[in-house]
Amino acid sequence: MRRLWPTTVRARATAGAVLVVAAALALASVALLGLLRSGMLRNAERDAEEQAAAIAQLAAGGRLDRMRAPLHGADFVQVVNARGRVLRATPNLAGLPALGPVGSPRPGTAFHTWRLRPLGGEHRQRVVQVTTQTPDGLVTVYVGTSLRDVDAADDTTTAALVVGGPLLLALVALVTWRVTGRALGPVEAIRAEVAEISDRDLHRRVPVPPTGDEVARLARTMNRTLDRLESSGIRQRQFIADASHELRSPLTVLRTQLEVALAVRDPELWPELISGALEDTDRLERLCSDLLLLARIDAAQPAHSVRLDLGGLVRDAVDTRLGDRVPVRVDAEDGVVVEGSELWLTRVVTNLLDNAQRFAAGGVELTLRAWGPPAARTAVLEVHDDGPGIPPADRERVFERFTRLDDARSRDDGGAGLGLAIARDLATHHGGTLTAGESPAGGARLVLRLPVATPAPVTG
């Protein structure tokens, strides 16, 4: 049965429409035939009942000799007494016995449907039976009318439905097939366009129909998805180009130092040359670690998440720092608990402090507070320095990868322009934000906001 059901949307819509119309047509046909039959049957009964009542009144008054031939709407009349003797009958029933059973009928009116072949041939007869009391006892009057008109109407209507029903279903199937095809045409155009788009054709877009319906919204959503894919591809290619450029510089310097060390035969110069080569090697190692971390973040690889006391994490990160150029003053509130990776959040704090140390003149200040209602508290970590600060036009650009506002100074300090970019990506990965502003001391102000973890449930 599953194999017989159509597989395409167009075919399923057509089949569904045909089945619904077929069921509705069947119910309507049954209802129409029933109403037509009952209406014509009531008309036949009414005419026969009127004549039966008139003849019953004549019999009750002892005037059956005044009975006339059946009027329009009646085919025969027969009057029978309680013993089954035919008292009066129309010529077409001459010589026939009583139509009804012999017995002691009760006064009243009844309706029967009989088939009297000498009278109606293949057509049925609707017979009205009226029993009344007369001076000679109970008398039953039978008045019959032919149902040939009812049968003919049934046959004609049934034939029309048998012929017209399939034609109507065929018309419904054709219209549904065409309309569904026109409705799905834009979807097929979208599918065909997407099928031809490769990783080198991300600038292409699917056609948007001018209908403003669900298909048009689907096309617009698809184009927005292609926009994001194109932006991601451009960002990835730019990242590869920038990474290649950053790696090429220390590799060139390292190669030069090694070639010089190989050419110089004086052993006293080798320690200096090897020390310089190790520094460039450390720089390459840090850069490769940063690139691997960015690759993990871009791939949305999950990190082990635990509940952390952010204040304790900040103090530990500051205590493990050795050889800072300027002192770091910490003012961290206790009990600020967040959920996240201890390694990655430590990396965020370290990168913020490294950036502040690189530009600070006399000191760095780190504060941590929790703000907001109890149900939606936010941990706010701020790092201030008293350096030159970040111009307002560059406060978003500093979070782009491989961005240096002071290129020469950053290269001397070993920076590759990835520290703040990694910090923001890690903050976003933890559901937070990282923004830049101006410190009260005139330097840079970096603000990290993270959602505070909900209190752990108390178990009994």
# chains A, B, ... in the order shown; residues from 1 in each chain; ligands from 1
$ residues_around --residues "A:Ile190" --least-positions-apart "2" --cutoff "9 Å" --atoms "only C-alpha atoms" --output "JSON list (two decimals) with C-alpha atoms, in the first residue's frame"
[["chain", "number", "residue", "atom", "x", "y", "z"],
["A", 185, "GLY", "CA", 7.53, 25.99, -9.83],
["A", 186, "PRO", "CA", 9.42, 28.59, -7.74],
["A", 187, "VAL", "CA", 10.45, 25.84, -5.30],
["A", 188, "GLU", "CA", 11.93, 23.84, -8.17],
["A", 192, "ALA", "CA", 17.86, 23.94, -9.17],
["A", 193, "GLU", "CA", 19.77, 27.12, -8.32],
["A", 194, "VAL", "CA", 20.98, 25.77, -4.97],
["A", 195, "ALA", "CA", 22.06, 22.52, -6.67],
["A", 205, "ARG", "CA", 21.38, 33.84, -5.08],
["A", 206, "VAL", "CA", 18.11, 32.01, -5.60],
["A", 207, "PRO", "CA", 15.23, 33.79, -7.39],
["A", 208, "VAL", "CA", 12.62, 35.35, -5.12],
["A", 219, "ALA", "CA", 13.71, 32.12, -0.96],
["A", 222, "MET", "CA", 17.78, 30.84, 1.61]]
$ residues_around --residues "stretch 353-364 of chain A" --least-positions-apart "2" --cutoff "8 Å" --atoms "only C-alpha atoms" --output "PyMOL selection string"
chain A and resi 324-329+349-351+366+383-388+413+419-420+443-444
$ write_last_selection --atoms "C-alpha atoms" --output "PDB file, in the first residue's frame"
ATOM      1  CA  ASP A 324      54.294  42.203  34.676  1.00  0.00           C
ATOM      2  CA  ARG A 325      55.528  45.610  33.581  1.00  0.00           C
ATOM      3  CA  VAL A 326      53.045  47.488  35.785  1.00  0.00           C
ATOM      4  CA  PRO A 327      51.157  46.305  38.886  1.00  0.00           C
ATOM      5  CA  VAL A 328      47.609  44.963  38.703  1.00  0.00           C
ATOM      6  CA  ARG A 329      45.119  45.986  41.399  1.00  0.00           C
ATOM      7  CA  VAL A 349      41.210  37.152  31.725  1.00  0.00           C
ATOM      8  CA  THR A 350      44.834  36.581  30.690  1.00  0.00           C
ATOM      9  CA  ASN A 351      44.300  38.132  27.259  1.00  0.00           C
ATOM     10  CA  LEU A 366      40.560  44.853  37.496  1.00  0.00           C
ATOM     11  CA  VAL A 383      39.892  45.909  33.076  1.00  0.00           C
ATOM     12  CA  HIS A 384      41.143  49.540  33.137  1.00  0.00           C
ATOM     13  CA  ASP A 385      44.517  50.896  32.150  1.00  0.00           C
ATOM     14  CA  ASP A 386      46.007  54.397  32.047  1.00  0.00           C
ATOM     15  CA  GLY A 387      47.499  54.103  28.571  1.00  0.00           C
ATOM     16  CA  PRO A 388      46.610  55.985  25.369  1.00  0.00           C
ATOM     17  CA  ASP A 413      55.957  42.889  22.057  1.00  0.00           C
ATOM     18  CA  GLY A 419      44.282  38.404  21.905  1.00  0.00           C
ATOM     19  CA  LEU A 420      41.115  40.499  21.985  1.00  0.00           C
ATOM     20  CA  GLY A 443      43.030  54.678  28.944  1.00  0.00           C
ATOM     21  CA  ALA A 444      41.191  51.630  27.627  1.00  0.00           C
TER      22      ALA A 444
END
$ closest_residue --among "A:Val139, A:Ala13, A:Ala393, A:Val306" --to "A:Gly61" --atoms "only C-alpha atoms"
A:Val139
$ atom_distance --atom1 "atom CA of A:Ala44" --atom2 "atom CA of A:Val30"
21.2 Å
$ closest_residue --among "A:Leu174, A:Ile240, A:Ala152, A:Ala183" --to "A:Asp213" --atoms "only C-alpha atoms"
A:Ala183
$ select_by_dssp --residues "stretch 127-280 of chain A" --states "strand (DSSP E)" --output "ChimeraX atom specification"
/A:127-134,137-146
$ write_last_selection --atoms "C-alpha atoms" --output "mmCIF file, in the first residue's frame"
data_model
loop_
_atom_site.group_PDB
_atom_site.id
_atom_site.type_symbol
_atom_site.label_atom_id
_atom_site.label_comp_id
_atom_site.auth_asym_id
_atom_site.auth_seq_id
_atom_site.Cartn_x
_atom_site.Cartn_y
_atom_site.Cartn_z
ATOM 1 C CA VAL A 127 -50.555 1.862 -1.939
ATOM 2 C CA VAL A 128 -52.455 3.889 0.667
ATOM 3 C CA GLN A 129 -54.603 1.770 2.981
ATOM 4 C CA VAL A 130 -57.434 3.536 4.848
ATOM 5 C CA THR A 131 -59.703 1.532 7.199
ATOM 6 C CA THR A 132 -62.995 3.068 8.337
ATOM 7 C CA GLN A 133 -66.210 2.055 10.121
ATOM 8 C CA THR A 134 -69.334 1.739 7.956
ATOM 9 C CA GLY A 137 -68.771 -3.065 9.447
ATOM 10 C CA LEU A 138 -65.127 -2.224 8.853
ATOM 11 C CA VAL A 139 -64.135 -1.436 5.285
ATOM 12 C CA THR A 140 -60.615 -1.025 3.926
ATOM 13 C CA VAL A 141 -59.911 1.272 0.980
ATOM 14 C CA TYR A 142 -56.784 0.661 -1.125
ATOM 15 C CA VAL A 143 -55.670 3.455 -3.433
ATOM 16 C CA GLY A 144 -52.474 2.905 -5.436
ATOM 17 C CA THR A 145 -50.299 5.175 -7.514
ATOM 18 C CA SER A 146 -47.413 4.172 -9.746
#
$ select_by_dssp --residues "stretch 87-237 of chain A" --states "helix (DSSP H, G or I)" --output "PyMOL selection string"
chain A and resi 91-93+117-120+148-196+214-237
$ closest_residue --among "A:Arg255, A:Arg182, A:Arg315, A:Arg88" --to "A:Ala277" --atoms "only C-alpha atoms"
A:Arg255
$ residues_around --residues "A:Phe76" --least-positions-apart "2" --cutoff "7 Å" --atoms "only C-alpha atoms" --output "MDAnalysis selection string"
chainID A and resid 70 74 78 90 92 143:144
$ write_last_selection --atoms "N, CA and C atoms" --output "short mmCIF file (atom, residue, chain, number, x, y, z; two decimals), in the first residue's frame"
data_model
loop_
_atom_site.label_atom_id
_atom_site.label_comp_id
_atom_site.auth_asym_id
_atom_site.auth_seq_id
_atom_site.Cartn_x
_atom_site.Cartn_y
_atom_site.Cartn_z
N PRO A 70 -60.68 6.72 -10.56
CA PRO A 70 -59.55 7.42 -9.91
C PRO A 70 -59.23 8.73 -10.61
N ALA A 74 -53.75 8.69 -9.16
CA ALA A 74 -54.06 7.37 -8.64
C ALA A 74 -54.29 6.43 -9.81
N GLN A 78 -59.51 -0.01 -4.71
CA GLN A 78 -60.19 -1.26 -4.32
C GLN A 78 -60.73 -1.10 -2.91
N THR A 90 -61.73 -0.54 -9.35
CA THR A 90 -61.60 0.07 -10.68
C THR A 90 -61.45 -1.03 -11.71
N ASN A 92 -59.29 -1.83 -13.86
CA ASN A 92 -57.99 -2.50 -14.02
C ASN A 92 -57.71 -3.50 -12.90
N VAL A 143 -55.88 2.56 -2.29
CA VAL A 143 -55.67 3.45 -3.43
C VAL A 143 -54.19 3.39 -3.79
N GLY A 144 -53.88 3.05 -5.03
CA GLY A 144 -52.47 2.91 -5.44
C GLY A 144 -52.09 3.88 -6.53
#
$ atom_distance --atom1 "atom CA of A:Ala22" --atom2 "atom CA of A:Arg10"
18.2 Å
$ closest_residue --among "A:Leu87, A:Asp331, A:Arg148, A:Arg12" --to "A:Asp75" --atoms "only C-alpha atoms"
A:Arg148
$ residues_around --residues "A:Ala11" --least-positions-apart "5" --cutoff "12 Å" --atoms "only C-alpha atoms" --output "NGL selection string"
:A and (4-6 or 16-18 or 173-174 or 176-181 or 184)
$ closest_residue --among "A:Ser249, A:Thr367, A:Thr14, A:Thr221" --to "A:Leu171" --atoms "only C-alpha atoms"
A:Thr14
$ closest_atom_pairs --of "stretch 300-370 of chain A" --to "stretch 374-380 of chain A" --cutoff "6 Å" --atoms "only C-alpha atoms" --output "CSV"
residue,atom,partner,partner_atom,distance
A:Leu368,CA,A:Val380,CA,5.7
A:Arg369,CA,A:Val380,CA,5.4
A:Ala370,CA,A:Ala379,CA,4.5
$ write_last_selection --atoms "C-alpha atoms" --output "PDB file, in the first residue's frame"
ATOM      1  CA  LEU A 368      34.386  42.260  39.310  1.00  0.00           C
ATOM      2  CA  ARG A 369      30.786  42.860  40.357  1.00  0.00           C
ATOM      3  CA  ALA A 370      27.419  41.126  39.958  1.00  0.00           C
TER       4      ALA A 370
END
$ atom_distance --atom1 "atom CA of A:Leu291" --atom2 "atom CA of A:Thr428"
17.4 Å
$ closest_residue --among "A:Val77, A:Met40, A:Leu218, A:Val398" --to "A:Ile422" --atoms "only C-alpha atoms"
A:Val398
